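**Student:** As input, take structure23.txt (compact mmCIF, N, CA and C atoms):
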# COMPACT_ATOMS: atom_id res chain seq x y z
N MET A 851 0.86 -1.18 0.00
CA MET A 851 0.00 0.00 0.00
C MET A 851 0.89 1.23 0.00
N ASP A 852 0.65 2.12 -0.91
CA ASP A 852 1.48 3.31 -0.97
C ASP A 852 0.99 4.36 0.03
N PHE A 853 1.77 5.41 0.18
CA PHE A 853 1.49 6.44 1.17
C PHE A 853 0.13 7.10 0.96
N TYR A 854 -0.21 7.41 -0.29
CA TYR A 854 -1.45 8.14 -0.56
C TYR A 854 -2.69 7.32 -0.23
N LYS A 855 -2.65 6.03 -0.52
CA LYS A 855 -3.78 5.16 -0.17
C LYS A 855 -3.90 5.04 1.34
N LEU A 856 -2.76 4.89 2.01
CA LEU A 856 -2.76 4.78 3.46
C LEU A 856 -3.28 6.06 4.10
N ASN A 857 -2.84 7.21 3.58
CA ASN A 857 -3.30 8.49 4.11
C ASN A 857 -4.79 8.67 3.88
N SER A 858 -5.27 8.28 2.72
CA SER A 858 -6.70 8.39 2.41
C SER A 858 -7.52 7.52 3.37
N LYS A 859 -7.05 6.31 3.61
CA LYS A 859 -7.73 5.39 4.53
C LYS A 859 -7.76 5.98 5.95
N PHE A 860 -6.65 6.57 6.34
CA PHE A 860 -6.55 7.18 7.66
C PHE A 860 -7.52 8.37 7.78
N GLN A 861 -7.57 9.22 6.76
CA GLN A 861 -8.48 10.37 6.77
C GLN A 861 -9.94 9.93 6.85
N LYS A 862 -10.30 8.89 6.13
CA LYS A 862 -11.67 8.38 6.18
C LYS A 862 -12.02 7.86 7.57
N LYS A 863 -11.06 7.19 8.20
CA LYS A 863 -11.30 6.67 9.55
C LYS A 863 -11.49 7.81 10.55
N ILE A 864 -10.69 8.87 10.41
CA ILE A 864 -10.84 10.03 11.30
C ILE A 864 -12.20 10.69 11.08
N ASN A 865 -12.59 10.86 9.82
CA ASN A 865 -13.88 11.49 9.52
C ASN A 865 -15.04 10.65 10.03
N LYS A 866 -14.89 9.33 9.96
CA LYS A 866 -15.96 8.42 10.39
C LYS A 866 -16.05 8.34 11.91
N GLU A 867 -14.92 8.15 12.58
CA GLU A 867 -14.93 7.91 14.03
C GLU A 867 -14.62 9.15 14.85
N GLY A 868 -14.21 10.21 14.22
CA GLY A 868 -13.91 11.45 14.94
C GLY A 868 -12.51 11.47 15.50
N LEU A 869 -12.14 12.60 16.02
CA LEU A 869 -10.81 12.80 16.56
C LEU A 869 -10.58 12.03 17.86
N ASP A 870 -11.67 11.68 18.55
CA ASP A 870 -11.53 10.92 19.80
C ASP A 870 -10.83 9.59 19.56
N TYR A 871 -10.93 9.06 18.36
CA TYR A 871 -10.26 7.80 18.01
C TYR A 871 -8.76 7.92 18.24
N LEU A 872 -8.19 9.08 17.90
CA LEU A 872 -6.76 9.28 18.07
C LEU A 872 -6.36 9.55 19.50
N LEU A 873 -7.28 10.05 20.29
CA LEU A 873 -6.95 10.49 21.64
C LEU A 873 -7.20 9.44 22.71
N LYS A 874 -7.59 8.24 22.30
CA LYS A 874 -7.83 7.17 23.27
C LYS A 874 -6.53 6.86 24.00
N GLU A 875 -6.62 6.76 25.29
CA GLU A 875 -5.44 6.40 26.07
C GLU A 875 -5.42 4.90 26.29
N VAL A 876 -4.24 4.38 26.44
CA VAL A 876 -4.10 2.96 26.71
C VAL A 876 -4.51 2.72 28.15
N GLU A 877 -5.52 1.90 28.35
CA GLU A 877 -6.03 1.66 29.70
C GLU A 877 -5.17 0.68 30.49
N ASP A 878 -4.55 -0.26 29.82
CA ASP A 878 -3.83 -1.31 30.52
C ASP A 878 -2.33 -1.07 30.60
N ALA A 879 -1.90 0.18 30.48
CA ALA A 879 -0.48 0.50 30.59
C ALA A 879 -0.02 0.30 32.03
N THR A 880 1.04 -0.44 32.21
CA THR A 880 1.57 -0.72 33.53
C THR A 880 2.52 0.39 33.94
N GLN A 881 2.27 0.98 35.11
CA GLN A 881 3.13 2.05 35.61
C GLN A 881 3.78 1.60 36.92
N TYR A 882 5.02 2.06 37.09
CA TYR A 882 5.79 1.72 38.28
C TYR A 882 6.35 3.00 38.90
N SER A 883 6.74 2.86 40.15
CA SER A 883 7.34 3.97 40.89
C SER A 883 8.58 3.43 41.61
N VAL A 884 9.64 4.24 41.63
CA VAL A 884 10.86 3.88 42.34
C VAL A 884 11.48 5.17 42.89
N GLU A 885 12.22 5.05 43.99
CA GLU A 885 12.83 6.23 44.60
C GLU A 885 14.35 6.07 44.64
N PHE A 886 15.03 7.19 44.39
CA PHE A 886 16.50 7.26 44.42
C PHE A 886 16.92 8.39 45.34
N ASN A 887 18.12 8.28 45.89
CA ASN A 887 18.80 9.44 46.47
C ASN A 887 19.77 9.93 45.41
N MET A 888 19.71 11.23 45.12
CA MET A 888 20.58 11.81 44.10
C MET A 888 21.24 13.06 44.64
N LYS A 889 22.44 13.32 44.13
CA LYS A 889 23.12 14.59 44.39
C LYS A 889 23.09 15.39 43.10
N PHE A 890 22.79 16.68 43.24
CA PHE A 890 22.74 17.57 42.10
C PHE A 890 23.83 18.63 42.25
N ASP A 891 24.69 18.73 41.25
CA ASP A 891 25.75 19.73 41.23
C ASP A 891 25.23 20.93 40.45
N ASN A 892 24.86 21.99 41.14
CA ASN A 892 24.28 23.16 40.49
C ASN A 892 25.29 24.04 39.77
N THR A 893 26.57 23.68 39.87
CA THR A 893 27.58 24.44 39.12
C THR A 893 27.74 23.91 37.70
N VAL A 894 27.12 22.77 37.42
CA VAL A 894 27.23 22.13 36.10
C VAL A 894 25.84 21.99 35.48
N ALA A 895 25.69 22.40 34.24
CA ALA A 895 24.51 22.13 33.40
C ALA A 895 23.20 22.64 33.97
N GLY A 896 23.19 23.83 34.52
CA GLY A 896 21.93 24.45 34.90
C GLY A 896 21.48 24.18 36.32
N THR A 897 20.25 24.56 36.57
CA THR A 897 19.67 24.47 37.91
C THR A 897 19.08 23.08 38.15
N LEU A 898 18.58 22.88 39.35
CA LEU A 898 17.92 21.63 39.71
C LEU A 898 16.74 21.36 38.78
N GLU A 899 15.96 22.39 38.49
CA GLU A 899 14.80 22.23 37.60
C GLU A 899 15.23 21.78 36.20
N ASP A 900 16.33 22.32 35.70
CA ASP A 900 16.83 21.91 34.38
C ASP A 900 17.17 20.42 34.36
N LYS A 901 17.80 19.97 35.43
CA LYS A 901 18.18 18.56 35.51
C LYS A 901 16.95 17.66 35.62
N ILE A 902 15.95 18.09 36.39
CA ILE A 902 14.70 17.33 36.53
C ILE A 902 14.00 17.23 35.17
N ILE A 903 14.00 18.31 34.42
CA ILE A 903 13.37 18.30 33.09
C ILE A 903 14.09 17.32 32.16
N ARG A 904 15.42 17.28 32.23
CA ARG A 904 16.17 16.33 31.40
C ARG A 904 15.88 14.89 31.81
N ILE A 905 15.77 14.63 33.10
CA ILE A 905 15.44 13.28 33.55
C ILE A 905 14.03 12.92 33.10
N ARG A 906 13.12 13.86 33.17
CA ARG A 906 11.74 13.63 32.74
C ARG A 906 11.66 13.32 31.24
N SER A 907 12.64 13.77 30.48
CA SER A 907 12.61 13.52 29.04
C SER A 907 13.11 12.13 28.65
N ILE A 908 13.56 11.34 29.61
CA ILE A 908 13.98 9.97 29.32
C ILE A 908 12.74 9.17 28.91
N GLU A 909 12.89 8.38 27.86
CA GLU A 909 11.76 7.60 27.35
C GLU A 909 11.19 6.68 28.42
N GLY A 910 9.89 6.80 28.65
CA GLY A 910 9.20 5.96 29.62
C GLY A 910 8.96 6.64 30.95
N VAL A 911 9.72 7.69 31.27
CA VAL A 911 9.55 8.40 32.54
C VAL A 911 8.35 9.33 32.41
N THR A 912 7.42 9.24 33.35
CA THR A 912 6.22 10.07 33.28
C THR A 912 6.24 11.20 34.31
N ILE A 913 6.70 10.93 35.53
CA ILE A 913 6.70 11.95 36.58
C ILE A 913 8.01 11.86 37.36
N VAL A 914 8.58 13.03 37.67
CA VAL A 914 9.76 13.12 38.54
C VAL A 914 9.37 14.02 39.69
N ASP A 915 9.40 13.49 40.90
CA ASP A 915 8.98 14.23 42.09
C ASP A 915 10.15 14.29 43.06
N THR A 916 10.46 15.48 43.55
CA THR A 916 11.59 15.64 44.47
C THR A 916 11.10 16.00 45.86
N LYS A 917 11.92 15.64 46.85
CA LYS A 917 11.65 16.00 48.24
C LYS A 917 12.82 16.80 48.77
N GLU A 918 12.73 17.29 49.96
CA GLU A 918 13.79 18.11 50.57
C GLU A 918 15.12 17.37 50.61
N ALA A 919 16.19 18.14 50.49
CA ALA A 919 17.54 17.57 50.60
C ALA A 919 17.85 17.28 52.06
N ASP A 920 18.61 16.22 52.30
CA ASP A 920 19.01 15.92 53.68
C ASP A 920 20.25 16.74 54.02
N GLN A 921 20.83 16.48 55.19
CA GLN A 921 21.96 17.27 55.66
C GLN A 921 23.21 17.08 54.82
N PHE A 922 23.27 16.01 54.03
CA PHE A 922 24.43 15.75 53.19
C PHE A 922 24.24 16.22 51.75
N GLY A 923 23.09 16.81 51.45
CA GLY A 923 22.82 17.30 50.10
C GLY A 923 22.18 16.30 49.17
N ASN A 924 21.80 15.13 49.72
CA ASN A 924 21.10 14.13 48.92
C ASN A 924 19.63 14.51 48.80
N VAL A 925 19.11 14.46 47.60
CA VAL A 925 17.71 14.76 47.35
C VAL A 925 17.01 13.45 47.03
N ARG A 926 15.91 13.19 47.72
CA ARG A 926 15.14 11.98 47.44
C ARG A 926 14.24 12.26 46.24
N VAL A 927 14.37 11.44 45.20
CA VAL A 927 13.64 11.64 43.95
C VAL A 927 12.79 10.40 43.68
N ARG A 928 11.50 10.64 43.42
CA ARG A 928 10.60 9.54 43.05
C ARG A 928 10.33 9.64 41.56
N LEU A 929 10.58 8.55 40.85
CA LEU A 929 10.32 8.48 39.42
C LEU A 929 9.16 7.54 39.16
N LYS A 930 8.23 7.98 38.35
CA LYS A 930 7.17 7.09 37.87
C LYS A 930 7.49 6.83 36.41
N PHE A 931 7.35 5.57 36.02
CA PHE A 931 7.72 5.22 34.65
C PHE A 931 6.85 4.11 34.10
N HIS A 932 6.87 4.01 32.79
CA HIS A 932 6.16 2.98 32.06
C HIS A 932 7.13 2.41 31.03
N PRO A 933 7.59 1.16 31.22
CA PRO A 933 8.49 0.57 30.22
C PRO A 933 7.81 0.52 28.85
N ARG A 934 8.56 0.84 27.83
CA ARG A 934 7.98 0.87 26.48
C ARG A 934 7.45 -0.50 26.07
N LEU A 935 8.19 -1.53 26.39
CA LEU A 935 7.76 -2.89 26.07
C LEU A 935 7.04 -3.47 27.27
N GLU A 936 5.84 -3.97 27.07
CA GLU A 936 5.09 -4.58 28.18
C GLU A 936 5.80 -5.81 28.73
N SER A 937 6.60 -6.46 27.90
CA SER A 937 7.29 -7.67 28.35
C SER A 937 8.51 -7.36 29.19
N MET A 938 8.93 -6.09 29.25
CA MET A 938 10.12 -5.73 30.02
C MET A 938 9.78 -5.61 31.50
N ARG A 939 10.53 -6.30 32.32
CA ARG A 939 10.34 -6.21 33.76
C ARG A 939 10.82 -4.86 34.25
N PRO A 940 10.24 -4.33 35.34
CA PRO A 940 10.65 -3.01 35.82
C PRO A 940 12.11 -2.94 36.25
N VAL A 941 12.62 -4.00 36.83
CA VAL A 941 14.02 -4.01 37.25
C VAL A 941 14.94 -3.95 36.03
N THR A 942 14.56 -4.64 34.97
CA THR A 942 15.33 -4.60 33.73
C THR A 942 15.31 -3.19 33.15
N TYR A 943 14.15 -2.52 33.17
CA TYR A 943 14.04 -1.16 32.67
C TYR A 943 14.95 -0.22 33.48
N ILE A 944 14.94 -0.39 34.80
CA ILE A 944 15.78 0.46 35.66
C ILE A 944 17.25 0.26 35.31
N ARG A 945 17.67 -1.01 35.16
CA ARG A 945 19.08 -1.31 34.90
C ARG A 945 19.53 -0.94 33.49
N THR A 946 18.65 -1.16 32.49
CA THR A 946 19.10 -0.97 31.11
C THR A 946 18.73 0.39 30.51
N VAL A 947 17.75 1.08 31.10
CA VAL A 947 17.34 2.38 30.54
C VAL A 947 17.59 3.51 31.54
N LEU A 948 16.95 3.45 32.70
CA LEU A 948 17.01 4.57 33.64
C LEU A 948 18.43 4.88 34.12
N LEU A 949 19.07 3.90 34.74
CA LEU A 949 20.40 4.16 35.32
C LEU A 949 21.42 4.60 34.27
N PRO A 950 21.55 3.91 33.13
CA PRO A 950 22.54 4.37 32.15
C PRO A 950 22.24 5.77 31.61
N GLN A 951 20.96 6.09 31.39
CA GLN A 951 20.65 7.41 30.84
C GLN A 951 20.81 8.51 31.88
N ILE A 952 20.47 8.25 33.12
CA ILE A 952 20.69 9.26 34.17
C ILE A 952 22.18 9.48 34.36
N ASN A 953 22.97 8.42 34.25
CA ASN A 953 24.42 8.55 34.42
C ASN A 953 25.12 9.09 33.18
N SER A 954 24.40 9.20 32.06
CA SER A 954 25.02 9.69 30.83
C SER A 954 25.18 11.21 30.89
N ALA A 955 26.05 11.71 30.04
CA ALA A 955 26.27 13.16 29.98
C ALA A 955 25.09 13.88 29.36
N THR A 956 24.30 13.18 28.54
CA THR A 956 23.17 13.82 27.87
C THR A 956 22.07 14.19 28.85
N TYR A 957 21.65 13.23 29.67
CA TYR A 957 20.53 13.46 30.58
C TYR A 957 20.98 13.81 31.99
N GLY A 958 22.07 13.22 32.44
CA GLY A 958 22.42 13.33 33.84
C GLY A 958 23.63 14.16 34.16
N GLN A 959 23.96 15.11 33.31
CA GLN A 959 25.11 15.95 33.59
C GLN A 959 24.85 16.74 34.87
N GLY A 960 25.72 16.58 35.86
CA GLY A 960 25.55 17.24 37.15
C GLY A 960 24.66 16.46 38.10
N VAL A 961 24.33 15.21 37.75
CA VAL A 961 23.46 14.37 38.59
C VAL A 961 24.22 13.10 38.95
N THR A 962 24.22 12.75 40.22
CA THR A 962 24.84 11.51 40.68
C THR A 962 23.81 10.73 41.50
N ILE A 963 23.58 9.49 41.12
CA ILE A 963 22.69 8.62 41.91
C ILE A 963 23.53 8.05 43.04
N THR A 964 23.14 8.36 44.27
CA THR A 964 23.91 7.85 45.41
C THR A 964 23.32 6.56 45.97
N LYS A 965 22.00 6.35 45.74
CA LYS A 965 21.39 5.15 46.31
C LYS A 965 20.03 4.91 45.66
N ILE A 966 19.71 3.64 45.41
CA ILE A 966 18.35 3.25 45.07
C ILE A 966 17.71 2.84 46.39
N ILE A 967 16.62 3.49 46.76
CA ILE A 967 15.99 3.22 48.06
C ILE A 967 15.34 1.83 48.02
N PRO A 968 15.78 0.90 48.87
CA PRO A 968 15.22 -0.45 48.87
C PRO A 968 13.73 -0.44 49.22
N GLY A 969 12.99 -1.30 48.56
CA GLY A 969 11.56 -1.47 48.86
C GLY A 969 10.66 -0.41 48.27
N THR A 970 11.18 0.48 47.40
CA THR A 970 10.34 1.53 46.85
C THR A 970 9.83 1.23 45.45
N LEU A 971 10.30 0.14 44.83
CA LEU A 971 9.78 -0.23 43.51
C LEU A 971 8.39 -0.80 43.68
N LYS A 972 7.40 -0.10 43.11
CA LYS A 972 6.00 -0.50 43.28
C LYS A 972 5.28 -0.44 41.95
N ASP A 973 4.33 -1.34 41.78
CA ASP A 973 3.42 -1.29 40.64
C ASP A 973 2.28 -0.37 41.04
N ILE A 974 2.13 0.77 40.35
CA ILE A 974 1.10 1.73 40.73
C ILE A 974 -0.03 1.78 39.72
N THR A 975 -0.14 0.73 38.90
CA THR A 975 -1.23 0.64 37.94
C THR A 975 -2.54 0.56 38.69
N ARG A 976 -3.52 1.26 38.21
CA ARG A 976 -4.84 1.27 38.90
C ARG A 976 -5.49 -0.07 38.89
Do you think you could lay out the structure here as structure tokens?

**Tutor:**
Amino acid sequence: MDFYKLNSKFQKKINKEGLDYLLKEVEDATQYSVEFNMKFDNTVAGTLEDKIIRIRSIEGVTIVDTKEADQFGNVRVRLKFHPRLESMRPVTYIRTVLLPQINSATYGQGVTITKIIPGTLKDITR
């Protein structure tokens, strides 16, 4: 099927079923939550908010929530995420996607993960 036929078919479906067809959310998406202790170096790569925005831009991360820093400068960060592949276990996603990307210069410049808080990995799907 060439592009024009596919586009025509798509346009007909939109006209028939309306725009709500495109806006349907996936109901059975599995979401997880995990907490880390992180140190943020504000002398490198912007402010704390800039770093949070970069972490939020990692594929699969939906929410980044921070709490007050402790006396050593560690900030407790809660990440909510949805692995792209339903077959991927959350621990695998954390090891193969989250940790490497947060530790990379692209997303995590000025960010150091000091600890993964034990017992905080939870399935928060409704």

**Student:** Could you give me, as a short mmCIF file (atom, residue, chain, number, x, y, z; two decimals) with N, CA and C atoms, keeping the file's coordinate frame, the residues within 6.5 Å of range 878-893 of chain A, counting all atoms listed in the file and dropping anything in the same chain fewer than 6 positions from it?

**Tutor:**
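Full text of around21.cif as output:
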data_model
loop_
_atom_site.label_atom_id
_atom_site.label_comp_id
_atom_site.auth_asym_id
_atom_site.auth_seq_id
_atom_site.Cartn_x
_atom_site.Cartn_y
_atom_site.Cartn_z
N GLY A 923 23.09 16.81 51.45
CA GLY A 923 22.82 17.30 50.10
C GLY A 923 22.18 16.30 49.17
N ASN A 924 21.80 15.13 49.72
CA ASN A 924 21.10 14.13 48.92
C ASN A 924 19.63 14.51 48.80
N VAL A 925 19.11 14.46 47.60
CA VAL A 925 17.71 14.76 47.35
C VAL A 925 17.01 13.45 47.03
N ARG A 926 15.91 13.19 47.72
CA ARG A 926 15.14 11.98 47.44
C ARG A 926 14.24 12.26 46.24
N VAL A 927 14.37 11.44 45.20
CA VAL A 927 13.64 11.64 43.95
C VAL A 927 12.79 10.40 43.68
N ARG A 928 11.50 10.64 43.42
CA ARG A 928 10.60 9.54 43.05
C ARG A 928 10.33 9.64 41.56
N LEU A 929 10.58 8.55 40.85
CA LEU A 929 10.32 8.48 39.42
C LEU A 929 9.16 7.54 39.16
N LYS A 930 8.23 7.98 38.35
CA LYS A 930 7.17 7.09 37.87
C LYS A 930 7.49 6.83 36.41
N PHE A 931 7.35 5.57 36.02
CA PHE A 931 7.72 5.22 34.65
C PHE A 931 6.85 4.11 34.10
N HIS A 932 6.87 4.01 32.79
CA HIS A 932 6.16 2.98 32.06
C HIS A 932 7.13 2.41 31.03
N PRO A 933 7.59 1.16 31.22
CA PRO A 933 8.49 0.57 30.22
C PRO A 933 7.81 0.52 28.85
N GLY A 960 25.72 16.58 35.86
CA GLY A 960 25.55 17.24 37.15
C GLY A 960 24.66 16.46 38.10
N VAL A 961 24.33 15.21 37.75
CA VAL A 961 23.46 14.37 38.59
C VAL A 961 24.22 13.10 38.95
N THR A 962 24.22 12.75 40.22
CA THR A 962 24.84 11.51 40.68
C THR A 962 23.81 10.73 41.50
N ILE A 963 23.58 9.49 41.12
CA ILE A 963 22.69 8.62 41.91
C ILE A 963 23.53 8.05 43.04
N THR A 964 23.14 8.36 44.27
CA THR A 964 23.91 7.85 45.41
C THR A 964 23.32 6.56 45.97
N LYS A 965 22.00 6.35 45.74
CA LYS A 965 21.39 5.15 46.31
C LYS A 965 20.03 4.91 45.66
N ILE A 966 19.71 3.64 45.41
CA ILE A 966 18.35 3.25 45.07
C ILE A 966 17.71 2.84 46.39
N ILE A 967 16.62 3.49 46.76
CA ILE A 967 15.99 3.22 48.06
C ILE A 967 15.34 1.83 48.02
N THR A 970 11.18 0.48 47.40
CA THR A 970 10.34 1.53 46.85
C THR A 970 9.83 1.23 45.45
N LEU A 971 10.30 0.14 44.83
CA LEU A 971 9.78 -0.23 43.51
C LEU A 971 8.39 -0.80 43.68
N LYS A 972 7.40 -0.10 43.11
CA LYS A 972 6.00 -0.50 43.28
C LYS A 972 5.28 -0.44 41.95
N ASP A 973 4.33 -1.34 41.78
CA ASP A 973 3.42 -1.29 40.64
C ASP A 973 2.28 -0.37 41.04
N ILE A 974 2.13 0.77 40.35
CA ILE A 974 1.10 1.73 40.73
C ILE A 974 -0.03 1.78 39.72
N THR A 975 -0.14 0.73 38.90
CA THR A 975 -1.23 0.64 37.94
C THR A 975 -2.54 0.56 38.69
#

**Student:** Quick one: DSSP helix (DSSP H, G or I) residues in chain A, as number ranges by chain?

**Tutor:** A: 853-867, 870-873, 898-906, 940-953, 955-958

**Student:** What would the file look like if the residues just selected were written as a compact mmCIF listing (two decimals), keeping the file's coordinate frame with N, CA and C atoms?

**Tutor:**
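The file below, selection-v1.txt, is the result:
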# COMPACT_ATOMS: atom_id res chain seq x y z
N PHE A 853 1.77 5.41 0.18
CA PHE A 853 1.49 6.44 1.17
C PHE A 853 0.13 7.10 0.96
N TYR A 854 -0.21 7.41 -0.29
CA TYR A 854 -1.45 8.14 -0.56
C TYR A 854 -2.69 7.32 -0.23
N LYS A 855 -2.65 6.03 -0.52
CA LYS A 855 -3.78 5.16 -0.17
C LYS A 855 -3.90 5.04 1.34
N LEU A 856 -2.76 4.89 2.01
CA LEU A 856 -2.76 4.78 3.46
C LEU A 856 -3.28 6.06 4.10
N ASN A 857 -2.84 7.21 3.58
CA ASN A 857 -3.30 8.49 4.11
C ASN A 857 -4.79 8.67 3.88
N SER A 858 -5.27 8.28 2.72
CA SER A 858 -6.70 8.39 2.41
C SER A 858 -7.52 7.52 3.37
N LYS A 859 -7.05 6.31 3.61
CA LYS A 859 -7.73 5.39 4.53
C LYS A 859 -7.76 5.98 5.95
N PHE A 860 -6.65 6.57 6.34
CA PHE A 860 -6.55 7.18 7.66
C PHE A 860 -7.52 8.37 7.78
N GLN A 861 -7.57 9.22 6.76
CA GLN A 861 -8.48 10.37 6.77
C GLN A 861 -9.94 9.93 6.85
N LYS A 862 -10.30 8.89 6.13
CA LYS A 862 -11.67 8.38 6.18
C LYS A 862 -12.02 7.86 7.57
N LYS A 863 -11.06 7.19 8.20
CA LYS A 863 -11.30 6.67 9.55
C LYS A 863 -11.49 7.81 10.55
N ILE A 864 -10.69 8.87 10.41
CA ILE A 864 -10.84 10.03 11.30
C ILE A 864 -12.20 10.69 11.08
N ASN A 865 -12.59 10.86 9.82
CA ASN A 865 -13.88 11.49 9.52
C ASN A 865 -15.04 10.65 10.03
N LYS A 866 -14.89 9.33 9.96
CA LYS A 866 -15.96 8.42 10.39
C LYS A 866 -16.05 8.34 11.91
N GLU A 867 -14.92 8.15 12.58
CA GLU A 867 -14.93 7.91 14.03
C GLU A 867 -14.62 9.15 14.85
N ASP A 870 -11.67 11.68 18.55
CA ASP A 870 -11.53 10.92 19.80
C ASP A 870 -10.83 9.59 19.56
N TYR A 871 -10.93 9.06 18.36
CA TYR A 871 -10.26 7.80 18.01
C TYR A 871 -8.76 7.92 18.24
N LEU A 872 -8.19 9.08 17.90
CA LEU A 872 -6.76 9.28 18.07
C LEU A 872 -6.36 9.55 19.50
N LEU A 873 -7.28 10.05 20.29
CA LEU A 873 -6.95 10.49 21.64
C LEU A 873 -7.20 9.44 22.71
N LEU A 898 18.58 22.88 39.35
CA LEU A 898 17.92 21.63 39.71
C LEU A 898 16.74 21.36 38.78
N GLU A 899 15.96 22.39 38.49
CA GLU A 899 14.80 22.23 37.60
C GLU A 899 15.23 21.78 36.20
N ASP A 900 16.33 22.32 35.70
CA ASP A 900 16.83 21.91 34.38
C ASP A 900 17.17 20.42 34.36
N LYS A 901 17.80 19.97 35.43
CA LYS A 901 18.18 18.56 35.51
C LYS A 901 16.95 17.66 35.62
N ILE A 902 15.95 18.09 36.39
CA ILE A 902 14.70 17.33 36.53
C ILE A 902 14.00 17.23 35.17
N ILE A 903 14.00 18.31 34.42
CA ILE A 903 13.37 18.30 33.09
C ILE A 903 14.09 17.32 32.16
N ARG A 904 15.42 17.28 32.23
CA ARG A 904 16.17 16.33 31.40
C ARG A 904 15.88 14.89 31.81
N ILE A 905 15.77 14.63 33.10
CA ILE A 905 15.44 13.28 33.55
C ILE A 905 14.03 12.92 33.10
N ARG A 906 13.12 13.86 33.17
CA ARG A 906 11.74 13.63 32.74
C ARG A 906 11.66 13.32 31.24
N PRO A 940 10.24 -4.33 35.34
CA PRO A 940 10.65 -3.01 35.82
C PRO A 940 12.11 -2.94 36.25
N VAL A 941 12.62 -4.00 36.83
CA VAL A 941 14.02 -4.01 37.25
C VAL A 941 14.94 -3.95 36.03
N THR A 942 14.56 -4.64 34.97
CA THR A 942 15.33 -4.60 33.73
C THR A 942 15.31 -3.19 33.15
N TYR A 943 14.15 -2.52 33.17
CA TYR A 943 14.04 -1.16 32.67
C TYR A 943 14.95 -0.22 33.48
N ILE A 944 14.94 -0.39 34.80
CA ILE A 944 15.78 0.46 35.66
C ILE A 944 17.25 0.26 35.31
N ARG A 945 17.67 -1.01 35.16
CA ARG A 945 19.08 -1.31 34.90
C ARG A 945 19.53 -0.94 33.49
N THR A 946 18.65 -1.16 32.49
CA THR A 946 19.10 -0.97 31.11
C THR A 946 18.73 0.39 30.51
N VAL A 947 17.75 1.08 31.10
CA VAL A 947 17.34 2.38 30.54
C VAL A 947 17.59 3.51 31.54
N LEU A 948 16.95 3.45 32.70
CA LEU A 948 17.01 4.57 33.64
C LEU A 948 18.43 4.88 34.12
N LEU A 949 19.07 3.90 34.74
CA LEU A 949 20.40 4.16 35.32
C LEU A 949 21.42 4.60 34.27
N PRO A 950 21.55 3.91 33.13
CA PRO A 950 22.54 4.37 32.15
C PRO A 950 22.24 5.77 31.61
N GLN A 951 20.96 6.09 31.39
CA GLN A 951 20.65 7.41 30.84
C GLN A 951 20.81 8.51 31.88
N ILE A 952 20.47 8.25 33.12
CA ILE A 952 20.69 9.26 34.17
C ILE A 952 22.18 9.48 34.36
N ASN A 953 22.97 8.42 34.25
CA ASN A 953 24.42 8.55 34.42
C ASN A 953 25.12 9.09 33.18
N ALA A 955 26.05 11.71 30.04
CA ALA A 955 26.27 13.16 29.98
C ALA A 955 25.09 13.88 29.36
N THR A 956 24.30 13.18 28.54
CA THR A 956 23.17 13.82 27.87
C THR A 956 22.07 14.19 28.85
N TYR A 957 21.65 13.23 29.67
CA TYR A 957 20.53 13.46 30.58
C TYR A 957 20.98 13.81 31.99
N GLY A 958 22.07 13.22 32.44
CA GLY A 958 22.42 13.33 33.84
C GLY A 958 23.63 14.16 34.16

**Student:** To one decimal in Å, tell me the separation between atom N of Arg934 in chain A and atom C of Gln959 in chain A.

**Tutor:**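 Straight-line distance from atom N of Arg934 in chain A to atom C of Gln959 in chain A works out to 23.8 Å.
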
**Student:** Grab the CA of Phe922 in chain A to atom N of Gln951 in chain A distance for me, in Å with one decimal place.

**Tutor:** 24.1 Å

**Student:** Rounded to one decimal, what separation in Å do you get between CA of Ile905 in chain A and CA of Ile952 in chain A?

**Tutor:** 6.6 Å

**Student:** Hey, could you pull the box centre and edge lengths for range 947-952 of chain A, axis-aligned, 5 Å padding per side, all listed atoms, to one decimal in Å, as JSON?

**Tutor:**
{"center_x": 19.7, "center_y": 5.3, "center_z": 32.9, "size_x": 15.6, "size_y": 18.4, "size_z": 14.8}

**Student:** So which residues touch Ile902 in chain A within 9 Å, counting only C-alpha atoms, skipping near sequence neighbours fewer than 6 positions away, as number ranges by chain?

**Tutor:** A: 914-916

**Student:** Would you give me, as JSON, numbers by chain, the residues in chain A that DSSP reads as strand (DSSP E or B)?

**Tutor:** {"A": [882, 883, 884, 885, 886, 887, 888, 889, 890, 911, 912, 913, 914, 915, 916, 917, 918, 919, 924, 925, 926, 927, 928, 929, 930, 931, 961, 962, 963, 964, 965, 966, 972, 973]}
